[in-house]
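Shown next: work_19.txt, containing compact mmCIF, C-alpha atoms.
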```txt
# COMPACT_ATOMS: atom_id res chain seq x y z
CA MET K 1 0.00 0.00 0.00
CA LEU K 2 1.35 3.41 -1.00
CA ILE K 3 0.06 6.46 0.89
CA GLY K 4 1.01 9.64 -0.93
CA ALA K 5 0.75 8.01 -4.34
CA GLY K 6 0.52 11.44 -5.95
CA SER K 7 4.31 11.48 -5.73
CA ALA K 8 4.20 10.24 -9.31
CA VAL K 9 7.94 9.75 -9.81
CA PHE K 10 8.14 7.46 -6.77
CA THR K 11 4.99 5.62 -7.88
CA LYS K 12 6.37 5.12 -11.37
CA GLY K 13 9.63 3.69 -10.05
CA LEU K 14 7.89 1.44 -7.55
CA VAL K 15 5.49 0.02 -10.15
CA ALA K 16 8.39 -0.66 -12.50
CA ASP K 17 10.19 -2.52 -9.71
CA LEU K 18 7.06 -4.54 -8.89
CA ILE K 19 6.70 -5.53 -12.54
CA GLN K 20 10.32 -6.72 -12.54
CA SER K 21 9.83 -8.72 -9.31
CA PRO K 22 7.06 -11.23 -10.08
CA GLY K 23 8.72 -13.82 -7.85
CA LEU K 24 7.85 -11.75 -4.78
CA GLY K 25 4.21 -11.51 -5.80
CA PRO K 26 1.41 -11.82 -6.54
CA TRP K 27 1.08 -8.11 -5.90
CA GLU K 28 -1.94 -6.01 -5.03
CA LEU K 29 -1.00 -2.35 -5.04
CA GLY K 30 -3.28 -0.05 -3.08
CA LEU K 31 -2.81 3.62 -3.96
CA VAL K 32 -3.95 6.39 -1.61
CA ASP K 33 -3.84 10.15 -1.99
CA ILE K 34 -6.19 12.74 -0.52
CA ASP K 35 -5.91 14.81 -3.72
CA PRO K 36 -8.31 13.24 -6.28
CA GLU K 37 -6.36 14.61 -9.26
CA ALA K 38 -3.04 13.30 -7.94
CA LEU K 39 -4.66 9.93 -7.22
CA GLU K 40 -6.08 9.83 -10.75
CA THR K 41 -2.59 10.43 -12.11
CA ALA K 42 -1.01 7.71 -9.97
CA GLU K 43 -3.75 5.18 -10.70
CA GLY K 44 -3.84 5.89 -14.43
CA LEU K 45 -0.09 5.66 -14.81
CA SER K 46 0.11 2.46 -12.75
CA ARG K 47 -2.68 0.77 -14.72
CA ARG K 48 -1.13 1.69 -18.06
CA MET K 49 2.24 0.31 -16.97
CA VAL K 50 0.73 -2.94 -15.67
CA GLU K 51 -1.36 -3.43 -18.79
CA ALA K 52 1.54 -2.67 -21.12
CA MET K 53 3.63 -5.44 -19.54
CA GLY K 54 0.79 -7.87 -18.84
CA ALA K 55 1.90 -7.99 -15.22
CA ALA K 56 -0.06 -9.88 -12.57
CA ILE K 57 -0.57 -6.81 -10.39
CA LYS K 58 -3.97 -5.71 -9.12
CA VAL K 59 -4.24 -1.93 -8.70
CA THR K 60 -6.79 -0.34 -6.37
CA ALA K 61 -7.14 3.31 -5.41
CA SER K 62 -8.91 5.40 -2.77
CA VAL K 63 -8.77 8.88 -1.26
CA ASP K 64 -9.46 7.27 2.13
CA ARG K 65 -6.62 5.13 3.48
CA ARG K 66 -8.97 3.32 5.85
CA ASP K 67 -10.57 1.69 2.82
CA VAL K 68 -7.27 0.03 1.94
CA LEU K 69 -5.34 -0.44 5.19
CA PRO K 70 -7.17 -3.55 6.52
CA GLU K 71 -5.65 -5.72 3.76
CA ALA K 72 -2.16 -4.24 3.88
CA ASP K 73 0.98 -6.29 4.53
CA ILE K 74 3.32 -3.40 3.69
CA VAL K 75 2.53 0.30 4.10
CA VAL K 76 4.75 2.92 2.45
CA THR K 77 4.33 6.65 3.07
CA THR K 78 5.60 9.26 0.62
CA ILE K 79 3.27 12.08 1.63
CA GLY K 80 4.09 15.75 1.23
CA VAL K 81 1.51 17.80 3.14
CA GLY K 82 0.78 20.93 1.12
CA LYS K 83 2.87 19.58 -1.78
CA ARG K 84 5.35 21.75 -3.66
CA ARG K 85 3.51 25.02 -3.06
CA ALA K 86 3.89 24.60 0.71
CA TRP K 87 7.51 23.57 0.19
CA GLU K 88 8.09 26.86 -1.63
CA ALA K 89 6.77 28.79 1.38
CA ASP K 90 9.11 26.81 3.66
CA VAL K 91 12.09 28.13 1.69
CA PHE K 92 10.93 31.55 0.50
CA ILE K 93 9.82 32.86 3.91
CA PRO K 94 13.36 32.50 5.37
CA ARG K 95 14.82 34.14 2.27
CA LYS K 96 13.04 37.35 3.21
CA HIS K 97 15.12 37.27 6.38
CA GLY K 98 18.42 36.53 4.62
CA ILE K 99 18.40 32.76 5.20
CA TYR K 100 19.00 30.60 2.13
CA GLN K 101 18.42 26.86 1.77
CA PRO K 102 19.13 24.57 -1.19
CA VAL K 103 16.59 21.94 -0.07
CA GLY K 104 14.53 22.98 2.94
CA ASP K 105 13.04 19.60 3.80
CA THR K 106 15.20 18.41 6.71
CA VAL K 107 16.65 21.09 9.02
CA MET K 108 16.99 24.89 9.21
CA PRO K 109 13.71 26.88 9.13
CA GLY K 110 12.33 25.13 6.05
CA GLY K 111 12.79 21.65 7.45
CA ILE K 112 11.41 22.62 10.87
CA SER K 113 8.36 24.22 9.25
CA ARG K 114 7.82 21.11 7.15
CA ALA K 115 7.90 18.96 10.30
CA MET K 116 5.01 20.96 11.79
CA ARG K 117 2.80 19.79 8.90
CA MET K 118 4.19 16.32 8.37
CA ILE K 119 4.29 14.98 11.92
CA PRO K 120 0.55 15.25 12.70
CA ALA K 121 -0.32 13.61 9.37
CA LEU K 122 2.09 10.71 9.85
CA VAL K 123 1.01 10.18 13.46
CA ALA K 124 -2.60 9.90 12.26
CA ILE K 125 -1.56 7.36 9.63
CA ALA K 126 0.39 5.38 12.23
CA ARG K 127 -2.63 5.22 14.52
CA ASP K 128 -4.73 3.83 11.67
CA ILE K 129 -2.05 1.25 10.92
CA ASP K 130 -1.99 0.24 14.58
CA GLU K 131 -5.76 -0.22 14.49
CA LEU K 132 -6.30 -1.79 11.06
CA CYS K 133 -3.11 -3.68 10.12
CA PRO K 134 -0.80 -3.83 13.16
CA GLU K 135 1.31 -6.63 11.65
CA ALA K 136 2.14 -4.69 8.49
CA TRP K 137 5.63 -3.37 7.79
CA PHE K 138 5.55 0.45 7.88
CA PHE K 139 8.19 2.18 5.76
CA ASN K 140 8.36 5.98 5.62
CA TYR K 141 10.11 7.99 2.90
CA SER K 142 8.68 11.41 3.85
CA ASN K 143 10.97 14.17 5.10
CA PRO K 144 12.11 15.42 7.53
CA MET K 145 12.95 11.76 8.06
CA THR K 146 14.54 11.92 11.51
CA ALA K 147 11.85 14.12 13.07
CA ASN K 148 9.00 12.22 11.41
CA CYS K 149 10.10 8.76 12.51
CA TRP K 150 11.03 9.94 16.00
CA ALA K 151 7.62 11.59 16.44
CA VAL K 152 5.66 8.56 15.18
CA ARG K 153 7.44 6.21 17.56
CA GLN K 154 7.15 8.62 20.49
CA ALA K 155 3.45 9.36 19.95
CA THR K 156 2.19 5.92 18.91
CA GLY K 157 4.83 3.26 19.51
CA VAL K 158 4.26 2.02 15.96
CA PRO K 159 7.61 0.65 14.66
CA VAL K 160 8.06 2.79 11.57
CA VAL K 161 11.25 2.30 9.54
CA GLY K 162 12.63 5.31 7.69
CA LEU K 163 14.18 4.72 4.27
CA CYS K 164 16.25 7.01 2.05
CA HIS K 165 18.55 6.18 -0.84
CA GLY K 166 21.13 8.84 0.08
CA THR K 167 23.66 6.72 1.98
CA PHE K 168 23.32 3.86 -0.50
CA ASP K 169 23.83 6.23 -3.42
CA VAL K 170 26.81 8.06 -1.87
CA SER K 171 28.44 4.72 -1.00
CA ARG K 172 28.33 3.86 -4.70
CA GLN K 173 29.76 7.25 -5.62
CA LEU K 174 32.63 6.75 -3.18
CA ALA K 175 33.34 3.32 -4.66
CA HIS K 176 33.59 4.82 -8.15
CA PHE K 177 35.77 7.64 -6.78
CA VAL K 178 38.38 5.19 -5.47
CA GLY K 179 38.13 2.97 -8.57
CA ALA K 180 36.40 0.01 -6.94
CA PRO K 181 33.31 -1.91 -8.14
CA PRO K 182 30.41 -0.81 -5.89
CA GLU K 183 29.19 -4.38 -5.49
CA GLU K 184 32.57 -5.35 -4.01
CA THR K 185 32.86 -2.50 -1.52
CA THR K 186 31.53 -2.25 2.01
CA THR K 187 30.86 0.75 4.22
CA ARG K 188 30.08 1.42 7.85
CA PHE K 189 28.21 4.52 8.84
CA ALA K 190 25.99 6.28 11.35
CA GLY K 191 24.34 9.65 11.76
CA LEU K 192 21.14 11.42 10.81
CA ASN K 193 19.29 11.18 7.56
CA HIS K 194 21.08 13.53 5.12
CA LEU K 195 24.00 13.80 7.58
CA THR K 196 25.18 10.20 7.84
CA PHE K 197 28.93 9.86 8.24
CA ILE K 198 30.48 7.01 6.27
CA HIS K 199 33.51 6.36 8.46
CA ASP K 200 34.78 3.14 6.90
CA LEU K 201 35.15 2.27 3.19
CA ARG K 202 36.69 -1.02 2.07
CA TRP K 203 37.23 -2.96 -1.13
CA ARG K 204 37.63 -6.68 -0.52
CA GLY K 205 38.71 -5.83 3.01
CA ARG K 206 41.24 -3.15 2.01
CA ASP K 207 40.93 0.27 3.62
CA MET K 208 40.20 2.66 0.73
CA TRP K 209 40.44 5.98 2.57
CA PRO K 210 44.16 6.36 1.70
CA VAL K 211 43.19 6.00 -1.96
CA ALA K 212 40.49 8.64 -1.51
CA ARG K 213 43.06 11.05 -0.05
CA GLU K 214 45.36 10.47 -3.03
CA ARG K 215 42.50 11.15 -5.45
CA LEU K 216 41.71 14.41 -3.67
CA ARG K 217 45.23 15.68 -4.46
CA GLU K 218 44.86 15.05 -8.20
CA THR K 219 44.77 17.87 -10.74
CA PRO K 220 42.29 18.42 -12.25
CA PRO K 221 40.04 17.25 -9.43
CA ASP K 222 37.46 14.53 -10.00
CA ALA K 223 33.93 15.88 -10.59
CA PHE K 224 32.67 14.19 -7.42
CA ALA K 225 35.27 16.06 -5.37
CA LEU K 226 34.84 19.30 -7.32
CA HIS K 227 31.07 19.39 -6.79
CA ASN K 228 31.16 18.59 -3.06
CA PRO K 229 33.95 20.73 -1.57
CA PHE K 230 32.33 21.13 1.84
CA SER K 231 31.67 17.41 2.34
CA TRP K 232 35.27 16.63 1.41
CA SER K 233 36.50 19.29 3.84
CA LEU K 234 34.65 17.43 6.59
CA PHE K 235 36.29 14.22 5.42
CA GLU K 236 39.71 15.81 5.69
CA ALA K 237 38.93 17.09 9.19
CA TYR K 238 37.16 14.03 10.63
CA GLY K 239 38.16 11.10 8.42
CA ALA K 240 34.57 10.36 7.45
CA TYR K 241 32.49 11.40 4.44
CA PRO K 242 28.93 12.69 4.96
CA SER K 243 26.00 11.70 2.84
CA ALA K 244 24.04 13.04 1.11
CA ASN K 245 26.69 15.40 -0.36
CA ASP K 246 26.86 19.20 -0.21
CA ARG K 247 23.28 19.92 -1.31
CA HIS K 248 21.98 18.44 1.95
CA VAL K 249 25.02 18.53 4.22
CA THR K 250 25.49 22.31 4.08
CA GLU K 251 22.09 22.78 5.74
CA PHE K 252 23.37 21.15 8.93
CA PHE K 253 26.09 23.81 9.27
CA PRO K 254 24.28 27.12 8.57
CA GLU K 255 26.75 29.14 10.64
CA ARG K 256 29.44 28.33 8.07
CA PHE K 257 27.44 29.83 5.19
CA PRO K 258 26.15 33.24 6.35
CA GLY K 259 23.74 34.72 3.88
CA GLY K 260 23.88 31.40 2.02
CA GLN K 261 27.35 32.17 0.64
CA TYR K 262 28.90 28.99 -0.68
CA TYR K 263 32.23 29.09 -2.55
CA GLY K 264 31.31 32.27 -4.42
CA LYS K 265 27.68 31.28 -5.01
CA THR K 266 24.44 31.43 -3.03
CA LEU K 267 22.82 28.26 -1.73
CA GLY K 268 19.44 27.61 -3.24
CA VAL K 269 19.95 30.29 -5.89
CA ASP K 270 22.88 29.58 -8.20
CA ALA K 271 24.19 26.69 -6.09
CA TYR K 272 21.66 23.85 -6.04
CA SER K 273 18.86 26.10 -7.28
CA PHE K 274 15.68 25.52 -5.30
CA GLU K 275 13.60 27.03 -8.08
CA ASP K 276 15.06 24.52 -10.54
CA THR K 277 14.18 21.66 -8.19
CA ILE K 278 10.57 22.83 -7.94
CA ALA K 279 10.29 23.40 -11.68
CA SER K 280 11.71 19.95 -12.37
CA GLY K 281 9.17 18.40 -10.01
CA ASP K 282 6.33 20.26 -11.70
CA ARG K 283 7.50 19.14 -15.15
CA SER K 284 7.84 15.53 -14.02
CA TYR K 285 4.35 15.53 -12.58
CA ASP K 286 2.87 17.10 -15.73
CA GLN K 287 4.60 14.46 -17.86
CA MET K 288 3.37 11.65 -15.62
CA ARG K 289 -0.17 13.03 -15.74
CA ALA K 290 -0.15 13.25 -19.54
CA GLN K 291 0.98 9.62 -19.74
CA ALA K 292 -1.54 8.55 -17.10
CA LEU K 293 -4.42 10.09 -19.08
CA GLY K 294 -3.23 8.62 -22.37
CA GLU K 295 -2.41 12.02 -23.80
CA GLU K 296 1.18 10.89 -24.37
CA PRO K 297 2.64 7.41 -24.93
CA LEU K 298 4.45 5.75 -22.04
CA ASP K 299 8.08 6.78 -21.85
CA ALA K 300 10.27 4.12 -23.49
CA TRP K 301 12.48 4.01 -20.39
CA ILE K 302 9.68 3.83 -17.87
CA PHE K 303 10.15 0.11 -17.21
CA HIS K 304 13.93 0.22 -16.87
CA HIS K 305 15.46 0.03 -13.42
CA SER K 306 16.03 3.57 -12.23
CA VAL K 307 17.77 5.09 -9.24
CA GLY K 308 15.80 7.00 -6.68
CA GLU K 309 14.02 6.77 -3.35
CA HIS K 310 12.11 3.62 -4.34
CA GLU K 311 15.08 1.56 -5.45
CA GLN K 312 15.94 -0.34 -2.26
CA LEU K 313 12.40 -1.09 -1.07
CA LEU K 314 11.99 -4.33 -3.01
CA ASN K 315 15.51 -5.42 -2.04
CA ILE K 316 14.64 -4.97 1.63
CA ILE K 317 11.35 -6.84 1.26
CA ARG K 318 13.14 -9.68 -0.52
CA ALA K 319 15.84 -9.82 2.16
CA LEU K 320 13.28 -9.88 4.97
CA ARG K 321 11.26 -12.62 3.29
CA TYR K 322 14.16 -14.87 2.37
CA ASP K 323 16.47 -14.09 5.31
CA THR K 324 19.40 -13.13 3.07
CA ARG K 325 21.13 -11.11 5.83
CA GLU K 326 21.92 -8.14 3.58
CA VAL K 327 22.86 -4.81 5.16
CA PHE K 328 20.80 -1.68 4.50
CA ALA K 329 20.81 1.93 5.68
CA VAL K 330 17.69 2.44 7.76
CA ASN K 331 16.35 5.03 10.18
CA LEU K 332 15.63 3.40 13.54
CA PRO K 333 15.90 4.25 17.25
CA ASN K 334 19.52 4.22 18.37
CA GLU K 335 18.99 1.88 21.36
CA GLY K 336 22.71 1.56 22.02
CA THR K 337 23.91 1.27 18.42
CA VAL K 338 26.04 4.39 18.95
CA ARG K 339 26.71 4.36 22.67
CA SER K 340 27.50 8.06 23.00
CA LEU K 341 24.13 9.18 21.56
CA PRO K 342 20.64 9.05 23.16
CA ASP K 343 18.90 5.69 22.97
CA ASP K 344 15.55 7.15 21.88
CA ALA K 345 16.97 9.25 19.05
CA VAL K 346 16.29 8.02 15.53
CA LEU K 347 19.55 7.52 13.67
CA GLU K 348 20.45 6.39 10.16
CA ILE K 349 22.38 3.20 10.84
CA PRO K 350 23.27 -0.10 9.17
CA ALA K 351 20.87 -2.96 9.85
CA VAL K 352 20.85 -6.59 8.77
CA ALA K 353 17.60 -7.75 7.15
CA THR K 354 16.56 -11.11 8.59
CA ALA K 355 13.41 -13.17 8.74
CA ALA K 356 13.04 -11.90 12.31
CA GLY K 357 13.24 -8.26 11.21
CA LEU K 358 15.84 -5.52 10.78
CA MET K 359 18.70 -5.95 13.24
CA PRO K 360 20.84 -2.82 13.82
CA MET K 361 24.61 -3.30 13.75
CA GLN K 362 26.65 -1.99 16.67
CA THR K 363 28.96 0.92 15.77
CA PRO K 364 31.47 1.08 18.63
CA ASP K 365 34.11 2.97 16.62
CA PHE K 366 31.93 5.96 15.73
CA SER K 367 34.15 8.75 17.02
CA ASP K 368 33.22 11.10 19.85
CA GLU K 369 33.91 14.03 17.51
CA LEU K 370 31.34 12.81 14.97
CA ALA K 371 28.90 11.98 17.75
CA ALA K 372 29.22 15.56 19.02
CA ILE K 373 28.12 16.90 15.62
CA ILE K 374 25.12 14.56 15.58
CA ALA K 375 24.19 15.31 19.21
CA ARG K 376 24.05 19.01 18.41
CA ARG K 377 21.59 18.41 15.61
CA LEU K 378 19.50 16.01 17.72
CA ALA K 379 18.85 18.76 20.26
CA SER K 380 16.94 20.95 17.82
CA THR K 381 15.21 17.90 16.32
CA ARG K 382 13.93 16.88 19.75
CA LEU K 383 12.44 20.36 20.21
CA THR K 384 10.94 20.20 16.72
CA VAL K 385 9.21 16.90 17.52
CA THR K 386 7.74 18.24 20.76
CA ALA K 387 6.59 21.47 19.12
CA ALA K 388 4.87 19.62 16.28
CA LEU K 389 3.17 17.03 18.51
CA ASN K 390 1.83 19.67 20.89
CA GLY K 391 1.23 22.59 18.54
CA ASP K 392 3.55 24.67 20.69
CA ARG K 393 4.44 27.99 19.08
CA LYS K 394 7.03 28.85 21.74
CA LEU K 395 8.94 25.61 21.15
CA PHE K 396 8.64 26.17 17.38
CA VAL K 397 10.54 29.43 17.95
CA GLU K 398 13.05 27.73 20.25
CA ALA K 399 13.67 24.98 17.67
CA LEU K 400 14.55 27.64 15.08
CA LEU K 401 16.97 29.30 17.48
CA LEU K 402 18.61 26.05 18.57
CA ASP K 403 18.98 24.95 14.95
CA GLY K 404 21.49 27.73 14.42
CA ALA K 405 20.36 29.37 11.19
CA VAL K 406 18.51 32.07 13.17
CA SER K 407 20.21 33.90 16.03
CA ASP K 408 17.80 36.81 16.51
CA ARG K 409 14.70 35.98 18.57
CA GLY K 410 12.71 38.70 16.85
CA VAL K 411 13.46 37.16 13.45
CA ALA K 412 12.56 33.70 14.73
CA GLU K 413 9.26 34.99 16.13
CA ALA K 414 8.39 36.76 12.90
CA MET K 415 9.27 33.74 10.81
CA VAL K 416 7.14 31.39 12.92
CA ASP K 417 4.17 33.75 12.66
CA GLU K 418 4.56 33.88 8.87
CA TYR K 419 4.72 30.09 8.72
CA LEU K 420 1.62 29.72 10.87
CA VAL K 421 -0.33 31.98 8.52
CA ALA K 422 1.03 30.42 5.30
CA HIS K 423 0.34 26.84 6.44
CA ARG K 424 -2.73 27.43 8.60
CA SER K 425 -4.91 24.82 6.87
CA ASN K 426 -2.23 22.14 7.28
CA LEU K 427 -1.40 22.72 10.96
CA PRO K 428 -4.08 20.84 12.93
CA ASN K 429 -2.11 20.96 16.18
CA PHE K 430 -1.96 24.76 16.21
CA THR K 431 -4.84 27.14 16.88
CA HIS K 432 -5.35 30.12 14.60
CA SER K 433 -3.54 32.28 17.12
CA GLY K 434 -0.55 29.96 17.00
CA GLU K 435 -0.85 28.82 20.62
CA ALA K 436 -0.90 25.15 21.51
CA THR K 437 -4.14 23.24 21.14
CA HIS K 438 -3.07 20.79 23.83
CA GLY K 439 -0.08 19.61 25.82
```
As structure tokens, please, write out the structure in this file.
Amino acid sequence: MLIGAGSAVFTKGLVADLIQSPGLGPWELGLVDIDPEALETAEGLSRRMVEAMGAAIKVTASVDRRDVLPEADIVVTTIGVGKRRAWEADVFIPRKHGIYQPVGDTVMPGGISRAMRMIPALVAIARDIDELCPEAWFFNYSNPMTANCWAVRQATGVPVVGLCHGTFDVSRQLAHFVGAPPEETTTRFAGLNHLTFIHDLRWRGRDMWPVARERLRETPPDAFALHNPFSWSLFEAYGAYPSANDRHVTEFFPERFPGGQYYGKTLGVDAYSFEDTIASGDRSYDQMRAQALGEEPLDAWIFHHSVGEHEQLLNIIRALRYDTREVFAVNLPNEGTVRSLPDDAVLEIPAVATAAGLMPMQTPDFSDELAAIIARRLASTRLTVTAALNGDRKLFVEALLLDGAVSDRGVAEAMVDEYLVAHRSNLPNFTHSGEATHG
């Protein structure tokens, strides 16, 4: 079951993967989206793909998840409350105050604002899962990943698993960088979603960090190094490389990029343009809708395996079913995996997929220096979770201040008030005045 099916690119990739995995079936794909037009797009595209390949996949669709949840074995959430227009407000409101973000979906003001909308929606979904299909696997792809998964577990106890392709993708990029086949390399890592430090990289058991350091000294520099100067500077300082590269990683260190200044460019403007990201998403959706309605033929490449958020889901399901003991990057409660970090905090960590579930791998050699960086970010995330669950305007302000991108309380207050007005219809835990509704 896919909740948030209007994320057409994810839906397209998932359906293609299902078609290519008949051995895991038979499949029944339940699509849910509260936007009827978005649901029509997802359903139409999925049906056309299934029919074109003659796949044994039954597609159902509903705007009400409770119609579909009772039969679900696997629930996947890809929701984006308010969609791209709300995302624009998350990023453009801080810009008026001189704060620039290239993404705005994880931390800094944009990510914190997004959490205020996303957390109540995901908690409501989790409560329905607990009632209607408590044995189902619950995988979340919606950002801000850390705050969302932490809040769901804290508020409901439902064992949500957060998934993101970032660490998997960056691990492959690092393998190519050091000249090793990705399928023959291994990594160890820990951290937060979009700030996960890969602290060990090996090819057939050989430590590949010395090779990485040699490559960094080459002239001209490799494109991977050239395009991620900040991430590589952290590697040189701490001996670990952060996923998911500069576009995301810079947002965790706003004090280092005042006014968004980034190596002679401005973050979100001419460095990782936010407007280009939004425009690309709008174009992709329009293309998917035209194909869904039969106005355009299906893209010739639509059935090919593609990279993206969906790509590891079927691998994880296969590993859980057949007990293959593969290792995946997942977002789960720490519970002693990194001993120097809080047990209840959701971390992105390696876990072994077994028939008994996902088993986190201990990371005893995660350095105290790296843990200190993560602990700092966890503090503002904890405040964000509490503010979102309780509709607490004061803690919303405090989360912005603790995050570090805003140092002036007056600016933080003004920004929160603008967010509360812009997102009023999608903030059920806040009253119109912005004060808490409960808690």
**Study point:** Long-range neighbours of segment 92-95 of chain K as a ChimeraX atom specification, 12 Å cut-off, all atoms listed in the file, 2 positions minimum in chain
**Key:** /K:85-90,97-104,108-113,259-260,266-269,274-275,400,405-406,411-423
Review point. By how many Å are atom CA of Thr11 of chain K and atom CA of Met145 of chain K apart?
Key: 18.8 Å
Exercise for review: Show me as a PyMOL selection string the residues that reach within 7 Å of (-3.1, -0.6, -5.2), counting only C-alpha atoms and using the file's own coordinates.
Suggested key: chain K and resi 1+28-31+58-61
**Study point:** Among listed residues K:Ile74, K:Leu14, K:Arg66, K:Val327, nearest Thr186 of chain K (using only C-alpha atoms)
**Key:**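 Residue with the minimum atom-to-atom distance to Thr186 of chain K: K:Val327.
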Check your understanding: What is the distance, in Å and to one decimal place, between atom CA of Ala115 of chain K and atom CA of Ala387 of chain K?
Key ->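 The value is 9.3 Å.
Shortest separation to Val15 of chain K among K:Ile119, K:Gly80, K:Ile302, K:Thr354 occurs at residue K:Ile302, atoms counted being only C-alpha atoms.
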Exercise for review: Can you work out the spacing between atom CA of Ala271 of chain K and atom CA of His176 of chain K in Å, to one decimal?
Suggested key: 23.9 Å
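Take the candidates K:Leu45, K:Ala225, K:Cys133, K:Ala353 and check each one against Gly13 of chain K using only C-alpha atoms; the shortest distance goes to K:Leu45.
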Given 3 Å on each side, where is the centre and what are the edge lengths in Å to one decimal of the axis-aligned box enclosing the listed atoms of segment 1-20 of chain K, as lines of an AutoDock Vina configuration file?
```
center_x = 5.2
center_y = 2.4
center_z = -5.8
size_x = 16.3
size_y = 24.2
size_z = 19.4
```
**Study point:** Residue with smallest distance to Thr167 of chain K - pool K:Ala237, K:Val9, K:Ala244, K:Leu401, counting all atoms listed in the file
**Key:** K:Ala244
Review point. Ala223 of chain K: which residues within 12 Å, counting only C-alpha atoms, same-chain residues fewer than 5 positions away excluded, as a PyMOL selection string?
Key: chain K and resi 173-174+176-177+215-216+218+228-229
Residues from last step as file, C-alpha atoms, as a compact mmCIF listing (two decimals), in the coordinates of the input:
```
# COMPACT_ATOMS: atom_id res chain seq x y z
CA GLN K 173 29.76 7.25 -5.62
CA LEU K 174 32.63 6.75 -3.18
CA HIS K 176 33.59 4.82 -8.15
CA PHE K 177 35.77 7.64 -6.78
CA ARG K 215 42.50 11.15 -5.45
CA LEU K 216 41.71 14.41 -3.67
CA GLU K 218 44.86 15.05 -8.20
CA ASN K 228 31.16 18.59 -3.06
CA PRO K 229 33.95 20.73 -1.57
```
Check your understanding: Which neighbours of Asp128 of chain K fall inside 12 Å, counting only C-alpha atoms, when residues of the same chain fewer than 2 positions from it are skipped, and could you give them as a ChimeraX atom specification?
Key -> /K:64-70,72,75,121-126,130-134,136,138,152,156,158
Exercise for review: Name the residues in contact with Ala399 of chain K at a cut-off of 8 Å, using only C-alpha atoms, excluding same-chain residues fewer than 6 positions from it; report them as a ChimeraX atom specification.
Suggested key: /K:112,380-381,383-384
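Residues with at least one atom no more than 9 Å from (11.3, 8.4, 9.5), using only C-alpha atoms, are Phe139, Asn140, Tyr141, Ser142, Asn143, Pro144, Met145, Thr146, Ala147, Asn148, Cys149, Trp150, Ala151, Val152, Val160, Val161, Gly162, Leu163, Asn193, Val330, Asn331, Leu332 and Val346 of chain K.
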Exercise for review: List the neighbours of Gly205 of chain K out to 10 Å using only C-alpha atoms; skip same-chain residues closer than 2 positions along the sequence, and give me the result as a list in words.
Suggested key: Glu184, Thr185, Thr186, Leu201, Arg202, Trp203, Asp207 and Met208 of chain K
Generate a file of the selected residues that holds C-alpha atoms, formatted as a CSV table (one decimal), in the frame of the given file.
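Once everything was written out, this is selection.csv:
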```csv
chain,number,residue,atom,x,y,z
K,184,GLU,CA,32.6,-5.4,-4.0
K,185,THR,CA,32.9,-2.5,-1.5
K,186,THR,CA,31.5,-2.2,2.0
K,201,LEU,CA,35.2,2.3,3.2
K,202,ARG,CA,36.7,-1.0,2.1
K,203,TRP,CA,37.2,-3.0,-1.1
K,207,ASP,CA,40.9,0.3,3.6
K,208,MET,CA,40.2,2.7,0.7
```
Exercise for review: Pick out the closest residue to Gly54 of chain K from this set: K:Ala356, K:Ala38, K:Ile19, K:Cys164. Count only C-alpha atoms.
Suggested key: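 Smallest separation from Gly54 of chain K among the options: K:Ile19.
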Check your understanding: From the list K:Ala292, K:Ile278, K:Ile57, K:Ala155, which residue is nearest Gly44 of chain K when using all atoms listed in the file?
Key -> K:Ala292
